[in-house]
Every structure is written in structure tokens, then in C-alpha cells.
Amino acid sequence: MIDQLNLLTALDPALALLNSSPYYCSEAGDSSSRARAYRTKCGQEFQQFCELWPYAGSLQEWTDRVDQAYNHFKHLASSRGVSAAKVDELFEAENTVLNPVRLRRCQPTVEWRAPDAALPSEVIQLAVDVGELVSQTGEKPLAHGHHGVYSDRIGVPEFPSLRELSQEAIHSGLESTAVVTYLRKMGFDPSEYDPIAPEFSGPPVLGELSARKIRLQQASKLRQDIKAIAV
């Protein structure tokens, strides 16, 4: 379970394969403006609930992190007039963890929440590629340092290096040579993906009529994609 969680953490830069919009609240920004907004625009006090967490050394370490985050969440609630009893009534500890990767005991699952919304065919392709990688953790150990998929192990980068790659993936997507090189070493073929974000090279601020036109265009692509999958 921990190997799966840590591998999915290491695959955070793969979000670049599905970047869908450089706009957030009508303003142009990063290749994945949604990921940037989700992780950073919630306010400094809440970022720990939304940003990428470092690798976990054990299930107990992960559980301790979740408990610490939950206690902090209750403290924030208390400072805003919500009692700890009310938080306990409405939330479980793991429900306050909205990070790109998290464990869920109730399913149980290891959730990978990094990618953006995309066409179903692209989502399915990414799920297959990631699933094949994750399935290898049953036979191959994770090793920190030289990243890549090898016959006897799966190498993942040290977390500071990974965090830089994730920032590159959010900011530049597949236009970043470092991100593309990393994804290839981790078993992906970026040329098989066609993220939508690079298509939108519009003005710094997107007007309502332009946004409506884009939404209708993407709705048409969605219909075509679903029909192709159905066939």
C-alpha cells in the first residue's frame, strides 16, 4: 500500500499529460491552472490539505500525518466558531485530506487525484498506463534516487526534485523538456497524449463570449470522443 502511495506521489508530474486549461477565473496562467489554483489559492492555512505530501515511510507515518492535519483542521474550525464536536460529527480525519494522493480506509483505495478533467479516451489511457506501473509494485521495490522503471526496481526521485518537476508540469506541461524526459523514464509515452491546454493561446483575460465558444467546442469534442469509444 505504501509503495503504491509513494509511486503515485512520484507520478504527480504525469498531470501534464491531461492539462486542460491555462485559464482560472478567466485569467491566463499556468498550463494546468486548475492544479495551481487547487493547491495554492485555498489560502496558506489550508494549503497543507491540498498540496502534494512527501513520501511516507510507513502506514503509521501516513496515519500520523492525517491525524495531525485533522487536528489542525479542527483548530481552524474552532478559530471560526465551529466546535471540535461539530467537526467530529461531520468529518472523519481522512475526509479532510484533499491532497493529490491519499489513502482511503473505507473503500479501501489509494486515490490519485492529480490529473485534470479530460476527454474519456485520454483518462482511460492514463488509467491503463498508471495501472500497469502501480501493478509492478507487487514484484518490484521502490528505490529513491535514480528514477526510472527497471527490471528489478522502480526508481523515484528525491522529494525536492519531484516537487520541482511537479511545478514544471503545472506551469509548462509537456512543453517542459525536463517533464517529458522524466515521464519517458517512468514508462509513459507523452506523444500518445494530446492535452487541451496548449490549444488555448488566447488573451490574458478571457471574455464571456470567448469562454462560451470554447465550452461549446469542447462539448462537441466530448460527444465525438464518447461515440468513438462506444464503437
# chains A, B, ... in the order shown; residues from 1 in each chain; ligands from 1

$ select_by_dssp --residues "segment 54-131 of chain A" --states "alpha helix (DSSP H)" --output "PyMOL selection string"
chain A and resi 59-79+84-90+120-131

$ residues_around --residues "Ile196 of chain A" --least-positions-apart "5" --cutoff "8 Å" --atoms "only C-alpha atoms" --output "list in words"
Leu18, Asn19, Ser20, Ser21 and Ala118 of chain A

$ closest_residue --among "A:Val231, A:Leu17, A:Ala28, A:Cys50" --to "Ser201 of chain A" --atoms "only C-alpha atoms"
A:Ala28

$ residues_around --residues "Gly155 of chain A" --least-positions-apart "2" --cutoff "8 Å" --atoms "only C-alpha atoms" --output "PDB file with all heavy atoms, in the first residue's frame"
ATOM      1  N   LEU A 142      10.422  -0.088  -4.427  1.00  0.00           N
ATOM      2  CA  LEU A 142      10.701   1.295  -4.794  1.00  0.00           C
ATOM      3  C   LEU A 142      12.063   1.689  -4.241  1.00  0.00           C
ATOM      4  O   LEU A 142      12.392   1.360  -3.100  1.00  0.00           O
ATOM      5  CB  LEU A 142       9.632   2.224  -4.214  1.00  0.00           C
ATOM      6  CG  LEU A 142       8.602   2.787  -5.209  1.00  0.00           C
ATOM      7  CD1 LEU A 142       7.834   1.664  -5.861  1.00  0.00           C
ATOM      8  CD2 LEU A 142       7.657   3.755  -4.508  1.00  0.00           C
ATOM      9  N   ALA A 143      12.834   2.371  -5.062  1.00  0.00           N
ATOM     10  CA  ALA A 143      14.160   2.830  -4.649  1.00  0.00           C
ATOM     11  C   ALA A 143      14.256   4.328  -4.898  1.00  0.00           C
ATOM     12  O   ALA A 143      13.868   4.816  -5.962  1.00  0.00           O
ATOM     13  CB  ALA A 143      15.244   2.089  -5.423  1.00  0.00           C
ATOM     14  N   HIS A 144      14.757   5.066  -3.925  1.00  0.00           N
ATOM     15  CA  HIS A 144      14.887   6.517  -4.060  1.00  0.00           C
ATOM     16  C   HIS A 144      16.247   6.853  -4.667  1.00  0.00           C
ATOM     17  O   HIS A 144      17.269   6.286  -4.298  1.00  0.00           O
ATOM     18  CB  HIS A 144      14.750   7.201  -2.696  1.00  0.00           C
ATOM     19  CG  HIS A 144      13.386   7.035  -2.102  1.00  0.00           C
ATOM     20  ND1 HIS A 144      12.372   7.943  -2.285  1.00  0.00           N
ATOM     21  CD2 HIS A 144      12.863   6.053  -1.336  1.00  0.00           C
ATOM     22  CE1 HIS A 144      11.296   7.540  -1.658  1.00  0.00           C
ATOM     23  NE2 HIS A 144      11.568   6.392  -1.060  1.00  0.00           N
ATOM     24  N   GLY A 145      16.220   7.774  -5.615  1.00  0.00           N
ATOM     25  CA  GLY A 145      17.467   8.188  -6.245  1.00  0.00           C
ATOM     26  C   GLY A 145      17.335   8.235  -7.746  1.00  0.00           C
ATOM     27  O   GLY A 145      16.688   9.119  -8.304  1.00  0.00           O
ATOM     28  N   HIS A 146      17.921   7.249  -8.437  1.00  0.00           N
ATOM     29  CA  HIS A 146      17.883   7.210  -9.898  1.00  0.00           C
ATOM     30  C   HIS A 146      16.498   6.752 -10.352  1.00  0.00           C
ATOM     31  O   HIS A 146      16.163   5.579 -10.254  1.00  0.00           O
ATOM     32  CB  HIS A 146      18.960   6.273 -10.434  1.00  0.00           C
ATOM     33  CG  HIS A 146      20.363   6.709 -10.099  1.00  0.00           C
ATOM     34  ND1 HIS A 146      20.942   7.827 -10.659  1.00  0.00           N
ATOM     35  CD2 HIS A 146      21.282   6.197  -9.248  1.00  0.00           C
ATOM     36  CE1 HIS A 146      22.162   7.991 -10.173  1.00  0.00           C
ATOM     37  NE2 HIS A 146      22.400   7.017  -9.311  1.00  0.00           N
ATOM     38  N   HIS A 147      15.713   7.711 -10.854  1.00  0.00           N
ATOM     39  CA  HIS A 147      14.343   7.380 -11.209  1.00  0.00           C
ATOM     40  C   HIS A 147      14.268   6.636 -12.534  1.00  0.00           C
ATOM     41  O   HIS A 147      15.123   6.777 -13.404  1.00  0.00           O
ATOM     42  CB  HIS A 147      13.484   8.644 -11.265  1.00  0.00           C
ATOM     43  CG  HIS A 147      13.972   9.667 -12.243  1.00  0.00           C
ATOM     44  ND1 HIS A 147      14.849  10.668 -11.890  1.00  0.00           N
ATOM     45  CD2 HIS A 147      13.704   9.849 -13.550  1.00  0.00           C
ATOM     46  CE1 HIS A 147      15.107  11.421 -12.944  1.00  0.00           C
ATOM     47  NE2 HIS A 147      14.427  10.952 -13.971  1.00  0.00           N
ATOM     48  N   GLY A 148      13.252   5.818 -12.661  1.00  0.00           N
ATOM     49  CA  GLY A 148      13.035   5.042 -13.868  1.00  0.00           C
ATOM     50  C   GLY A 148      12.486   3.671 -13.529  1.00  0.00           C
ATOM     51  O   GLY A 148      12.505   3.240 -12.365  1.00  0.00           O
ATOM     52  N   VAL A 149      11.967   2.985 -14.538  1.00  0.00           N
ATOM     53  CA  VAL A 149      11.416   1.643 -14.355  1.00  0.00           C
ATOM     54  C   VAL A 149      12.457   0.641 -14.839  1.00  0.00           C
ATOM     55  O   VAL A 149      12.831   0.638 -16.015  1.00  0.00           O
ATOM     56  CB  VAL A 149      10.102   1.479 -15.141  1.00  0.00           C
ATOM     57  CG1 VAL A 149       9.524   0.082 -14.937  1.00  0.00           C
ATOM     58  CG2 VAL A 149       9.086   2.538 -14.712  1.00  0.00           C
ATOM     59  N   TYR A 150      12.926  -0.196 -13.930  1.00  0.00           N
ATOM     60  CA  TYR A 150      13.971  -1.166 -14.231  1.00  0.00           C
ATOM     61  C   TYR A 150      13.444  -2.581 -14.007  1.00  0.00           C
ATOM     62  O   TYR A 150      12.352  -2.784 -13.476  1.00  0.00           O
ATOM     63  CB  TYR A 150      15.192  -0.909 -13.342  1.00  0.00           C
ATOM     64  CG  TYR A 150      15.734   0.496 -13.465  1.00  0.00           C
ATOM     65  CD1 TYR A 150      15.363   1.490 -12.543  1.00  0.00           C
ATOM     66  CD2 TYR A 150      16.594   0.844 -14.491  1.00  0.00           C
ATOM     67  CE1 TYR A 150      15.844   2.779 -12.654  1.00  0.00           C
ATOM     68  CE2 TYR A 150      17.093   2.136 -14.608  1.00  0.00           C
ATOM     69  CZ  TYR A 150      16.716   3.100 -13.685  1.00  0.00           C
ATOM     70  OH  TYR A 150      17.184   4.389 -13.799  1.00  0.00           O
ATOM     71  N   ARG A 153      13.529  -3.019 -10.032  1.00  0.00           N
ATOM     72  CA  ARG A 153      13.073  -1.979  -9.113  1.00  0.00           C
ATOM     73  C   ARG A 153      12.401  -0.851  -9.895  1.00  0.00           C
ATOM     74  O   ARG A 153      12.514  -0.775 -11.131  1.00  0.00           O
ATOM     75  CB  ARG A 153      14.257  -1.400  -8.331  1.00  0.00           C
ATOM     76  CG  ARG A 153      15.219  -0.577  -9.176  1.00  0.00           C
ATOM     77  CD  ARG A 153      16.494  -0.234  -8.443  1.00  0.00           C
ATOM     78  NE  ARG A 153      17.331   0.691  -9.179  1.00  0.00           N
ATOM     79  CZ  ARG A 153      18.093   0.368 -10.223  1.00  0.00           C
ATOM     80  NH1 ARG A 153      18.125  -0.889 -10.668  1.00  0.00           N
ATOM     81  NH2 ARG A 153      18.841   1.286 -10.823  1.00  0.00           N
ATOM     82  N   PRO A 157      12.448   9.835  -7.746  1.00  0.00           N
ATOM     83  CA  PRO A 157      13.366  10.907  -7.355  1.00  0.00           C
ATOM     84  C   PRO A 157      13.184  11.304  -5.903  1.00  0.00           C
ATOM     85  O   PRO A 157      12.140  11.034  -5.295  1.00  0.00           O
ATOM     86  CB  PRO A 157      12.984  12.054  -8.293  1.00  0.00           C
ATOM     87  CG  PRO A 157      11.544  11.812  -8.580  1.00  0.00           C
ATOM     88  CD  PRO A 157      11.374  10.320  -8.621  1.00  0.00           C
TER      89      PRO A 157
END

$ atom_distance --atom1 "atom CA of Pro115 of chain A" --atom2 "atom CA of Val87 of chain A"
29.1 Å

$ closest_residue --among "A:Val101, A:Met186, A:Leu206, A:Val128" --to "Ala56 of chain A" --atoms "only C-alpha atoms"
A:Val101

$ residues_around --residues "segment 92-98 of chain A" --least-positions-apart "5" --cutoff "9 Å" --atoms "only C-alpha atoms" --output "ChimeraX atom specification"
/A:48-51,63,66-67,69-71,73,87,103-105,113

$ closest_residue --among "A:Gln136, A:Ser172, A:Ser58, A:Asn99" --to "Pro22 of chain A" --atoms "only C-alpha atoms"
A:Ser172

$ residues_around --residues "Ile229 of chain A" --least-positions-apart "4" --cutoff "9 Å" --atoms "only C-alpha atoms" --output "ChimeraX atom specification"
/A:120-121,224-225

$ closest_atom_pairs --of "segment 152-173 of chain A" --to "segment 31-45 of chain A" --cutoff "7 Å" --atoms "only C-alpha atoms" --output "CSV"
residue,atom,partner,partner_atom,distance
A:Ile170,CA,A:Ser32,CA,4.9
A:His171,CA,A:Ser31,CA,5.1
A:Ser172,CA,A:Ser31,CA,5.3
A:Gly173,CA,A:Ser31,CA,5.6

$ write_last_selection --atoms "C-alpha atoms" --output "compact mmCIF listing (two decimals), in the first residue's frame"
# COMPACT_ATOMS: atom_id res chain seq x y z
CA ILE A 170 1.80 22.61 -13.76
CA HIS A 171 3.48 25.67 -15.26
CA SER A 172 4.64 24.41 -18.68
CA GLY A 173 3.06 20.99 -19.19

$ atom_distance --atom1 "atom CA of Glu111 of chain A" --atom2 "atom CA of Gly187 of chain A"
19.9 Å

$ atom_distance --atom1 "atom CA of Ser26 of chain A" --atom2 "atom CA of Leu216 of chain A"
16.1 Å

$ closest_residue --among "A:Arg215, A:Ile2, A:Pro13, A:Leu8" --to "Tyr182 of chain A" --atoms "only C-alpha atoms"
A:Pro13

$ closest_residue --among "A:Ser210, A:Thr177, A:Ser166, A:Gln217" --to "Leu15 of chain A" --atoms "only C-alpha atoms"
A:Ser166

$ residues_around --residues "Ala178 of chain A" --least-positions-apart "2" --cutoff "12 Å" --atoms "only C-alpha atoms" --output "PyMOL selection string"
chain A and resi 13-14+16+161-162+164-169+172-176+180-185

$ write_last_selection --atoms "N, CA, C and O atoms" --output "short mmCIF file (atom, residue, chain, number, x, y, z; two decimals), in the first residue's frame"
data_model
loop_
_atom_site.label_atom_id
_atom_site.label_comp_id
_atom_site.auth_asym_id
_atom_site.auth_seq_id
_atom_site.Cartn_x
_atom_site.Cartn_y
_atom_site.Cartn_z
N PRO A 13 4.00 14.49 -11.74
CA PRO A 13 4.22 15.25 -12.98
C PRO A 13 3.44 14.74 -14.17
O PRO A 13 3.31 15.45 -15.18
N ALA A 14 2.89 13.52 -14.08
CA ALA A 14 2.08 12.99 -15.18
C ALA A 14 0.79 13.78 -15.37
O ALA A 14 0.08 13.57 -16.37
N ALA A 16 0.69 16.56 -16.38
CA ALA A 16 0.93 17.32 -17.62
C ALA A 16 0.31 16.65 -18.84
O ALA A 16 0.03 17.31 -19.84
N SER A 161 13.36 17.17 -5.65
CA SER A 161 13.45 17.15 -7.12
C SER A 161 12.08 16.88 -7.73
O SER A 161 11.72 17.48 -8.75
N LEU A 162 11.33 15.99 -7.11
CA LEU A 162 9.99 15.70 -7.61
C LEU A 162 9.10 16.93 -7.54
O LEU A 162 8.35 17.22 -8.49
N GLU A 164 9.94 20.01 -7.77
CA GLU A 164 10.31 20.92 -8.86
C GLU A 164 9.71 20.45 -10.18
O GLU A 164 9.21 21.26 -10.98
N LEU A 165 9.74 19.14 -10.43
CA LEU A 165 9.16 18.60 -11.66
C LEU A 165 7.65 18.82 -11.69
O LEU A 165 7.08 19.12 -12.75
N SER A 166 7.01 18.67 -10.55
CA SER A 166 5.56 18.90 -10.48
C SER A 166 5.23 20.35 -10.80
O SER A 166 4.26 20.64 -11.51
N GLN A 167 6.03 21.27 -10.28
CA GLN A 167 5.81 22.69 -10.57
C GLN A 167 6.00 22.96 -12.06
O GLN A 167 5.23 23.73 -12.66
N GLU A 168 6.99 22.31 -12.67
CA GLU A 168 7.20 22.45 -14.11
C GLU A 168 6.02 21.90 -14.89
O GLU A 168 5.59 22.47 -15.89
N ALA A 169 5.48 20.75 -14.44
CA ALA A 169 4.35 20.13 -15.12
C ALA A 169 3.12 21.04 -15.05
O ALA A 169 2.36 21.14 -16.01
N SER A 172 4.33 24.51 -17.24
CA SER A 172 4.64 24.41 -18.68
C SER A 172 4.08 23.16 -19.36
O SER A 172 4.13 23.06 -20.58
N GLY A 173 3.59 22.20 -18.59
CA GLY A 173 3.06 20.99 -19.19
C GLY A 173 4.10 20.23 -20.00
O GLY A 173 5.28 20.17 -19.63
N LEU A 174 3.68 19.70 -21.15
CA LEU A 174 4.59 18.92 -21.99
C LEU A 174 5.54 19.79 -22.80
O LEU A 174 6.35 19.27 -23.56
N GLU A 175 5.46 21.10 -22.63
CA GLU A 175 6.45 21.98 -23.26
C GLU A 175 7.76 21.97 -22.48
O GLU A 175 8.78 22.47 -22.97
N SER A 176 7.73 21.40 -21.29
CA SER A 176 8.94 21.28 -20.48
C SER A 176 9.71 20.03 -20.87
O SER A 176 9.21 18.91 -20.75
N VAL A 180 8.95 15.96 -19.85
CA VAL A 180 8.82 14.90 -20.88
C VAL A 180 9.86 13.82 -20.67
O VAL A 180 9.56 12.62 -20.73
N THR A 181 11.10 14.22 -20.40
CA THR A 181 12.17 13.25 -20.16
C THR A 181 11.86 12.39 -18.95
O THR A 181 12.04 11.16 -18.97
N TYR A 182 11.37 13.01 -17.91
CA TYR A 182 11.02 12.27 -16.68
C TYR A 182 9.91 11.26 -16.95
O TYR A 182 9.99 10.10 -16.53
N LEU A 183 8.87 11.71 -17.62
CA LEU A 183 7.74 10.82 -17.88
C LEU A 183 8.15 9.63 -18.74
O LEU A 183 7.68 8.50 -18.53
N ARG A 184 9.03 9.85 -19.70
CA ARG A 184 9.50 8.74 -20.53
C ARG A 184 10.27 7.72 -19.68
O ARG A 184 10.09 6.51 -19.84
N LYS A 185 11.09 8.19 -18.77
CA LYS A 185 11.85 7.28 -17.91
C LYS A 185 10.93 6.52 -16.96
O LYS A 185 11.24 5.40 -16.55
#

$ closest_residue --among "A:Val82, A:Met1, A:Val205, A:Ala117" --to "Arg102 of chain A" --atoms "only C-alpha atoms"
A:Met1

$ select_by_dssp --residues "segment 132-216 of chain A" --states "strand (DSSP E or B)" --output "ChimeraX atom specification"
/A:142-144,148-149,154-156,205

$ write_last_selection --atoms "N, CA, C and O atoms" --output "compact mmCIF listing (two decimals), in the first residue's frame"
# COMPACT_ATOMS: atom_id res chain seq x y z
N LEU A 142 10.42 -0.09 -4.43
CA LEU A 142 10.70 1.30 -4.79
C LEU A 142 12.06 1.69 -4.24
O LEU A 142 12.39 1.36 -3.10
N ALA A 143 12.83 2.37 -5.06
CA ALA A 143 14.16 2.83 -4.65
C ALA A 143 14.26 4.33 -4.90
O ALA A 143 13.87 4.82 -5.96
N HIS A 144 14.76 5.07 -3.93
CA HIS A 144 14.89 6.52 -4.06
C HIS A 144 16.25 6.85 -4.67
O HIS A 144 17.27 6.29 -4.30
N GLY A 148 13.25 5.82 -12.66
CA GLY A 148 13.03 5.04 -13.87
C GLY A 148 12.49 3.67 -13.53
O GLY A 148 12.51 3.24 -12.37
N VAL A 149 11.97 2.98 -14.54
CA VAL A 149 11.42 1.64 -14.35
C VAL A 149 12.46 0.64 -14.84
O VAL A 149 12.83 0.64 -16.01
N ILE A 154 11.72 0.01 -9.15
CA ILE A 154 11.19 1.25 -9.72
C ILE A 154 11.84 2.40 -8.95
O ILE A 154 11.69 2.51 -7.73
N GLY A 155 12.59 3.20 -9.66
CA GLY A 155 13.28 4.31 -9.02
C GLY A 155 12.44 5.57 -9.01
O GLY A 155 11.81 5.91 -10.02
N VAL A 156 12.40 6.25 -7.88
CA VAL A 156 11.67 7.51 -7.77
C VAL A 156 12.64 8.59 -7.31
O VAL A 156 13.57 8.32 -6.55
N VAL A 205 -6.95 37.83 -20.45
CA VAL A 205 -8.24 37.69 -19.77
C VAL A 205 -9.26 37.21 -20.79
O VAL A 205 -9.44 37.83 -21.84
